[in-house]
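A.B. asks: Data file target37.cif (mmCIF, C-alpha atoms) is appended below.
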data_work
loop_
_atom_site.label_atom_id
_atom_site.label_comp_id
_atom_site.auth_asym_id
_atom_site.auth_seq_id
_atom_site.Cartn_x
_atom_site.Cartn_y
_atom_site.Cartn_z
CA MET A 1 10.37 24.58 18.70
CA ASP A 2 10.26 23.80 22.38
CA ALA A 3 11.92 20.69 23.69
CA LYS A 4 9.58 17.76 24.15
CA THR A 5 10.15 15.90 27.41
CA LEU A 6 10.40 12.14 27.03
CA SER A 7 11.19 10.98 30.55
CA VAL A 8 11.96 12.60 33.91
CA ARG A 9 13.64 11.30 37.05
CA HIS A 10 14.24 13.04 40.37
CA VAL A 11 17.00 12.29 42.82
CA PRO A 12 16.86 14.00 46.22
CA ILE A 13 20.37 15.00 47.29
CA ARG A 14 20.97 14.74 51.03
CA ALA A 15 24.13 12.68 51.51
CA ASP A 16 27.22 11.89 49.49
CA SER A 17 25.81 8.52 48.42
CA ASP A 18 23.06 10.44 46.57
CA ILE A 19 25.78 11.95 44.35
CA VAL A 20 26.51 8.48 42.96
CA LEU A 21 22.79 7.81 42.54
CA ALA A 22 22.22 11.07 40.65
CA ARG A 23 25.03 10.50 38.20
CA GLN A 24 23.92 6.91 37.59
CA GLU A 25 20.33 8.05 36.87
CA GLY A 26 21.64 10.76 34.53
CA ARG A 27 23.91 8.35 32.70
CA ALA A 28 21.12 5.78 32.31
CA LEU A 29 18.67 8.31 30.92
CA ALA A 30 21.28 9.81 28.58
CA ALA A 31 22.07 6.30 27.33
CA GLU A 32 18.36 5.72 26.67
CA VAL A 33 18.23 8.62 24.23
CA GLY A 34 21.39 7.49 22.50
CA LEU A 35 24.13 9.85 23.68
CA ALA A 36 27.61 8.58 22.79
CA ASN A 37 29.56 6.68 25.44
CA SER A 38 32.12 9.44 25.86
CA ASP A 39 29.27 11.93 26.35
CA LEU A 40 27.72 9.70 29.03
CA THR A 41 30.92 10.01 31.02
CA LEU A 42 30.95 13.79 30.59
CA VAL A 43 27.31 14.03 31.72
CA ALA A 44 27.87 11.76 34.73
CA THR A 45 30.93 13.74 35.77
CA ALA A 46 29.15 17.09 35.43
CA ILE A 47 26.24 15.78 37.54
CA SER A 48 28.72 14.57 40.14
CA GLU A 49 30.30 18.03 40.45
CA ILE A 50 26.97 19.83 40.69
CA ALA A 51 25.52 17.32 43.16
CA ARG A 52 28.58 17.63 45.38
CA ASN A 53 28.10 21.39 45.47
CA ILE A 54 24.62 20.77 46.89
CA VAL A 55 25.94 18.40 49.58
CA ASP A 56 28.86 20.67 50.46
CA TYR A 57 27.19 24.06 50.45
CA ALA A 58 23.43 23.60 50.74
CA ASN A 59 23.14 20.29 52.62
CA ALA A 60 20.08 19.26 50.65
CA GLY A 61 18.51 19.75 47.27
CA ASP A 62 17.19 17.94 44.27
CA ILE A 63 18.50 16.86 40.88
CA GLU A 64 16.12 16.36 38.01
CA VAL A 65 17.32 14.59 34.88
CA ARG A 66 15.11 14.81 31.83
CA SER A 67 15.49 13.28 28.38
CA VAL A 68 14.23 15.62 25.65
CA LYS A 69 13.77 15.82 21.92
CA GLN A 70 14.09 19.11 20.08
CA ASP A 71 14.49 19.85 16.36
CA GLY A 72 15.12 16.19 15.63
CA ARG A 73 17.91 15.74 18.14
CA TYR A 74 17.92 14.17 21.56
CA GLY A 75 19.39 15.55 24.72
CA LEU A 76 19.66 15.27 28.46
CA VAL A 77 18.67 18.23 30.63
CA VAL A 78 19.92 18.32 34.21
CA VAL A 79 18.37 20.73 36.69
CA ALA A 80 19.95 20.96 40.14
CA ARG A 81 18.06 22.96 42.75
CA ASP A 82 18.84 23.78 46.32
CA GLU A 83 17.58 26.20 48.93
CA GLY A 84 21.01 26.77 50.39
CA PRO A 85 22.82 30.03 51.14
CA GLY A 86 23.17 30.94 47.47
CA ILE A 87 26.26 32.31 45.74
CA ALA A 88 27.06 35.98 46.32
CA ASP A 89 29.28 36.39 43.25
CA VAL A 90 28.33 33.93 40.52
CA ALA A 91 30.94 35.29 38.08
CA LEU A 92 33.65 34.60 40.67
CA ALA A 93 32.27 31.12 41.43
CA MET A 94 32.46 30.31 37.71
CA GLN A 95 36.21 30.95 37.66
CA ASP A 96 38.59 27.99 37.70
CA GLY A 97 40.22 27.42 41.06
CA TYR A 98 37.86 29.58 43.07
CA SER A 99 36.42 27.84 46.11
CA THR A 100 35.04 28.97 49.43
CA GLY A 101 35.27 25.39 50.62
CA ASN A 102 38.06 22.87 50.70
CA SER A 103 37.90 21.83 47.05
CA LEU A 104 39.78 22.29 43.80
CA GLY A 105 37.32 24.97 42.70
CA LEU A 106 36.58 23.17 39.44
CA GLY A 107 32.98 22.16 40.14
CA LEU A 108 30.93 24.86 38.42
CA PRO A 109 33.38 25.95 35.68
CA GLY A 110 34.27 22.29 35.08
CA ALA A 111 30.64 21.25 34.69
CA ARG A 112 30.13 24.08 32.20
CA ARG A 113 33.02 22.77 30.10
CA LEU A 114 31.62 19.23 30.14
CA MET A 115 28.11 20.19 28.95
CA ASP A 116 26.79 21.95 25.82
CA GLU A 117 24.58 24.44 27.64
CA PHE A 118 24.92 25.74 31.17
CA GLU A 119 22.95 28.30 33.14
CA ILE A 120 23.14 29.20 36.78
CA GLU A 121 20.83 31.33 38.84
CA SER A 122 21.54 32.07 42.46
CA ASN A 123 19.97 34.28 45.09
CA VAL A 124 21.71 34.86 48.38
CA GLY A 125 19.63 33.35 51.18
CA ARG A 126 17.25 31.67 48.73
CA GLY A 127 19.27 29.08 46.88
CA THR A 128 20.85 28.09 43.61
CA THR A 129 19.57 26.46 40.42
CA VAL A 130 21.88 25.04 37.79
CA ARG A 131 20.43 23.97 34.46
CA MET A 132 22.66 22.20 31.96
CA THR A 133 22.11 20.23 28.76
CA LYS A 134 24.03 17.76 26.64
CA TRP A 135 22.83 17.14 23.08
CA SER A 136 23.37 14.08 20.94
CA SER A 137 25.82 14.88 18.18
CA MET B 1 31.05 -0.28 49.25
CA PRO B 2 34.51 -0.37 50.86
CA VAL B 3 37.46 -1.07 48.57
CA PRO B 4 39.19 -4.38 49.32
CA ILE B 5 42.93 -4.05 49.92
CA LEU B 6 45.14 -7.06 49.21
CA LYS B 7 48.70 -7.45 50.43
CA GLN B 8 51.10 -9.01 47.94
CA GLY B 9 54.66 -9.03 49.23
CA ASP B 10 55.61 -5.44 49.95
CA VAL B 11 52.85 -4.05 47.73
CA LEU B 12 49.24 -3.22 48.62
CA ILE B 13 46.64 -3.61 45.88
CA ALA B 14 43.43 -1.62 46.27
CA SER B 15 41.06 -2.94 43.68
CA VAL B 16 38.00 -0.74 43.19
CA GLN B 17 34.94 -2.94 42.57
CA ASP B 18 32.12 -0.46 42.20
CA ALA B 19 31.23 3.24 42.06
CA LEU B 20 32.80 5.08 45.00
CA THR B 21 31.01 7.49 47.28
CA ASP B 22 32.98 10.26 48.95
CA SER B 23 32.87 8.25 52.19
CA ASP B 24 34.29 5.19 50.40
CA LEU B 25 37.14 7.34 49.07
CA ARG B 26 37.91 8.79 52.51
CA GLU B 27 37.87 5.30 53.99
CA LEU B 28 40.22 4.06 51.27
CA GLN B 29 42.59 6.90 52.07
CA ASN B 30 42.60 6.13 55.80
CA ASN B 31 42.96 2.38 55.29
CA LEU B 32 45.86 2.70 52.85
CA VAL B 33 47.81 5.18 54.94
CA ASP B 34 47.30 2.96 57.97
CA ARG B 35 48.25 -0.30 56.24
CA VAL B 36 51.32 1.07 54.51
CA GLY B 37 52.73 1.54 57.99
CA ARG B 38 51.39 -1.66 59.48
CA PHE B 39 52.72 -3.89 56.68
CA ARG B 40 55.79 -1.77 55.89
CA SER B 41 54.67 -1.67 52.26
CA ARG B 42 56.87 -0.02 49.65
CA GLY B 43 54.22 0.37 46.97
CA VAL B 44 50.47 0.77 46.42
CA VAL B 45 48.50 0.09 43.26
CA ILE B 46 45.00 1.54 43.09
CA ASP B 47 43.12 -0.18 40.29
CA VAL B 48 40.34 2.12 39.03
CA THR B 49 39.49 0.13 35.89
CA VAL B 50 35.80 -0.18 36.81
CA LEU B 51 35.29 3.52 37.55
CA ASP B 52 33.16 5.25 34.92
CA VAL B 53 33.49 8.64 36.62
CA MET B 54 36.47 10.40 38.19
CA ASP B 55 35.29 13.75 39.43
CA SER B 56 37.27 16.43 41.24
CA PHE B 57 36.77 14.84 44.65
CA ALA B 58 38.01 11.43 43.48
CA VAL B 59 41.08 12.97 41.83
CA ARG B 60 41.83 15.12 44.86
CA THR B 61 41.60 12.06 47.12
CA LEU B 62 43.84 9.94 44.88
CA ARG B 63 46.41 12.73 44.90
CA ALA B 64 46.19 12.97 48.67
CA ILE B 65 46.62 9.20 49.03
CA ALA B 66 49.72 9.26 46.81
CA HIS B 67 51.26 12.13 48.75
CA MET B 68 50.46 10.64 52.15
CA THR B 69 51.73 7.16 51.33
CA ARG B 70 54.92 8.70 49.89
CA LEU B 71 55.47 10.43 53.21
CA ARG B 72 55.11 6.99 54.78
CA GLY B 73 57.68 5.46 52.41
CA ALA B 74 55.48 3.92 49.72
CA GLU B 75 54.91 4.87 46.07
CA THR B 76 51.35 4.87 44.76
CA VAL B 77 50.45 4.00 41.18
CA VAL B 78 46.96 4.53 39.73
CA ALA B 79 46.06 1.85 37.22
CA GLY B 80 43.33 1.52 34.61
CA ILE B 81 41.89 4.98 33.98
CA GLN B 82 39.45 4.39 31.11
CA PRO B 83 39.72 6.42 27.88
CA ASP B 84 36.38 8.19 28.39
CA VAL B 85 37.32 9.00 31.97
CA ALA B 86 40.67 10.40 30.84
CA PHE B 87 38.86 12.54 28.25
CA SER B 88 36.47 13.84 30.88
CA MET B 89 39.28 14.59 33.36
CA VAL B 90 41.11 16.67 30.77
CA ARG B 91 37.92 18.59 29.88
CA LEU B 92 37.28 19.22 33.55
CA GLY B 93 40.86 20.40 34.07
CA LEU B 94 41.85 17.64 36.49
CA THR B 95 45.39 16.32 36.70
CA LEU B 96 47.00 13.71 38.90
CA ASP B 97 50.14 15.87 39.06
CA ASP B 98 53.10 13.71 40.00
CA VAL B 99 51.10 10.53 40.67
CA ALA B 100 52.27 7.64 38.48
CA THR B 101 49.64 6.18 36.16
CA VAL B 102 49.68 2.93 34.18
CA LEU B 103 47.30 1.04 31.90
CA ASP B 104 46.53 -1.88 34.20
CA LEU B 105 47.39 -3.71 37.41
CA ASP B 106 50.18 -5.78 35.83
CA GLU B 107 51.94 -2.67 34.59
CA GLY B 108 51.52 -1.09 38.01
CA LEU B 109 53.21 -4.01 39.72
CA ALA B 110 55.96 -4.02 37.07
CA LEU B 111 56.56 -0.29 37.57
CA LEU B 112 56.84 -0.65 41.34
CA ARG B 113 59.18 -3.62 40.93
CA SER B 114 61.41 -1.76 38.51
CA ARG B 115 61.56 1.25 40.81
CA ARG B 116 62.48 -0.90 43.75
CA ASP B 117 65.17 -2.67 41.73
CA GLY B 118 66.41 0.60 40.29
CA ARG B 119 65.54 -0.31 36.71
CA PRO B 120 63.68 2.05 34.43
CA GLY B 121 60.09 0.97 33.83
CA ARG B 122 57.19 2.15 31.74
CA GLY B 123 55.04 4.98 33.12
CA ARG B 124 56.41 7.88 35.09
#
As a first step, turn the structure in this file into structure tokens.

C.D. replies:
Amino acid sequence: MDAKTLSVRHVPIRADSDIVLARQEGRALAAEVGLANSDLTLVATAISEIARNIVDYANAGDIEVRSVKQDGRYGLVVVARDEGPGIADVALAMQDGYSTGNSLGLGLPGARRLMDEFEIESNVGRGTTVRMTKWSS
Amino acid sequence: MPVPILKQGDVLIASVQDALTDSDLRELQNNLVDRVGRFRSRGVVIDVTVLDVMDSFAVRTLRAIAHMTRLRGAETVVAGIQPDVAFSMVRLGLTLDDVATVLDLDEGLALLRSRRDGRPGRGR
């Protein structure tokens, strides 16, 4: 059965203050569908990492947070899109400690560990989309 | 929102009041490194009790603050990391390395006092 969307919010990401906004929207929506408190923190942290990637590497993009219901359980879907330079080697970028910028290199692999589902699609010169989900337990 | 920094004797207390943007964190770093010199402080407590997220940038900045202030002669203690935040940091793979951490502001001040007086205190 496909996931039924309950509510959607969009946060444009242009400056570092938008990172805070995006994680607050994600946390609020995840709380609405009853995710546990510890999961809210994981979701907010994952959104923070992904949003920072947009600010650092693509300058601008968009984060969509969506509450969903599927097979009797609730979840939060986060879709982060940018039209930045893209990632040439996604497998490399998913490794801990790898960074082309001045960071700890934990953003993408870290976000994957914090969420239940994680997909990334990137095309050089066209941009990157990250889609990740946390389900209520 | 900028983080207020209070001076109490030879200790600076940075008490985070709200979610921090990257700019707020950078400003906190600059202000602390500057004031440690200006006030000849021997210790810094950064109280992060209200933070519901500590992502890689926040952790990296706290580590940088601790290392920089140490080079300027002051020890930094991070106080009040919440249980859910600690859980998330471990999942993400973030560590504060050799930065001292304590449960709350009081313990932070006690730790700095005991270090100054050469007595063993709680924390590391």

A.B. asks: Within 7 Å of chain A, which residues of chain B are there when counting all atoms listed in the file? Please give them as a PyMOL selection string.

C.D. replies: chain B and resi 21-22+52-56+84-85+88+91-93

A.B. asks: Given the file shown, enumerate the residues that the PyMOL selection byres ((chain B and resi 16-20) around 6) captures and present them as a PDB file with C-alpha atoms, in the frame of the given file.

C.D. replies:
ATOM      1  CA  VAL B   3      37.460  -1.070  48.570  1.00  0.00           C
ATOM      2  CA  SER B  15      41.060  -2.940  43.680  1.00  0.00           C
ATOM      3  CA  THR B  21      31.010   7.490  47.280  1.00  0.00           C
ATOM      4  CA  ASP B  24      34.290   5.190  50.400  1.00  0.00           C
ATOM      5  CA  ASP B  47      43.120  -0.180  40.290  1.00  0.00           C
ATOM      6  CA  VAL B  48      40.340   2.120  39.030  1.00  0.00           C
TER       7      VAL B  48
END

A.B. asks: Starting from the PyMOL selection byres ((chain B and resi 30-36) around 12), expand the selection into actual residues of this file and give them as a ChimeraX atom specification.

C.D. replies: /B:2-7,9-15,23-29,37-46,61-62,64-76

A.B. asks: What does the distance from CA of Leu6 in chain A to CA of Arg131 in chain A come to in Å, to one decimal?

C.D. replies: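 Calculated distance between CA of Leu6 in chain A and CA of Arg131 in chain A is 17.2 Å.
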
A.B. asks: Any chance you could resolve the PyMOL selection byres ((chain A and resi 54) around 12) against this file and give the residues as a PyMOL selection string?

C.D. replies: chain A and resi 12-16+18-19+22+47-53+55-63+79-87+107-108+127-130

A.B. asks: May I ask for the distance between CA of Gly125 in chain A and CA of Gln95 in chain A, given in Å to one decimal place?

C.D. replies: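 Distance between the two atoms: 21.5 Å.
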
A.B. asks: Interatomic distance between CA of Val102 in chain B and CA of Arg115 in chain B?

C.D. replies: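 Interatomic distance, CA of Val102 in chain B to CA of Arg115 in chain B: 13.7 Å.
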
A.B. asks: Excluding Val77 in chain A and any residue of its chain fewer than 5 positions from it, enumerate the residues within 8 Å of it, using all atoms listed in the file, and give them as a ChimeraX atom specification.

C.D. replies: /A:65-68,131-134

A.B. asks: Have a look at B:Ala79, B:Val59, B:Leu109, B:Met1 and name the one nearest to Asp97 in chain B; count all atoms listed in the file.

C.D. replies: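 Closest to Asp97 in chain B of all the choices is B:Val59.
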
A.B. asks: With N, CA and C atoms as the goal, would you fill in the gaps in range 22-35 of chain B and present it as a short mmCIF file (atom, residue, chain, number, x, y, z; two decimals), keeping the file's coordinate frame?

C.D. replies:
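File produced: result01.cif:
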data_model
loop_
_atom_site.label_atom_id
_atom_site.label_comp_id
_atom_site.auth_asym_id
_atom_site.auth_seq_id
_atom_site.Cartn_x
_atom_site.Cartn_y
_atom_site.Cartn_z
N ASP B 22 31.93 9.48 48.29
CA ASP B 22 32.98 10.26 48.95
C ASP B 22 33.45 9.57 50.22
N SER B 23 32.51 8.96 50.95
CA SER B 23 32.87 8.25 52.19
C SER B 23 33.77 7.05 51.88
N ASP B 24 33.44 6.33 50.79
CA ASP B 24 34.29 5.19 50.40
C ASP B 24 35.72 5.67 50.11
N LEU B 25 35.82 6.81 49.43
CA LEU B 25 37.14 7.34 49.07
C LEU B 25 37.92 7.74 50.32
N ARG B 26 37.23 8.39 51.27
CA ARG B 26 37.91 8.79 52.51
C ARG B 26 38.38 7.57 53.28
N GLU B 27 37.52 6.52 53.28
CA GLU B 27 37.87 5.30 53.99
C GLU B 27 39.08 4.62 53.34
N LEU B 28 39.09 4.63 52.00
CA LEU B 28 40.22 4.06 51.27
C LEU B 28 41.52 4.78 51.64
N GLN B 29 41.42 6.10 51.70
CA GLN B 29 42.59 6.90 52.07
C GLN B 29 43.10 6.51 53.46
N ASN B 30 42.20 6.47 54.43
CA ASN B 30 42.60 6.13 55.80
C ASN B 30 43.18 4.73 55.89
N ASN B 31 42.51 3.78 55.22
CA ASN B 31 42.96 2.38 55.29
C ASN B 31 44.34 2.21 54.67
N LEU B 32 44.57 2.87 53.53
CA LEU B 32 45.86 2.70 52.85
C LEU B 32 46.99 3.32 53.66
N VAL B 33 46.76 4.52 54.17
CA VAL B 33 47.81 5.18 54.94
C VAL B 33 48.15 4.36 56.19
N ASP B 34 47.11 3.80 56.79
CA ASP B 34 47.30 2.96 57.97
C ASP B 34 48.07 1.68 57.62
N ARG B 35 47.65 1.01 56.55
CA ARG B 35 48.25 -0.30 56.24
C ARG B 35 49.66 -0.21 55.69
#
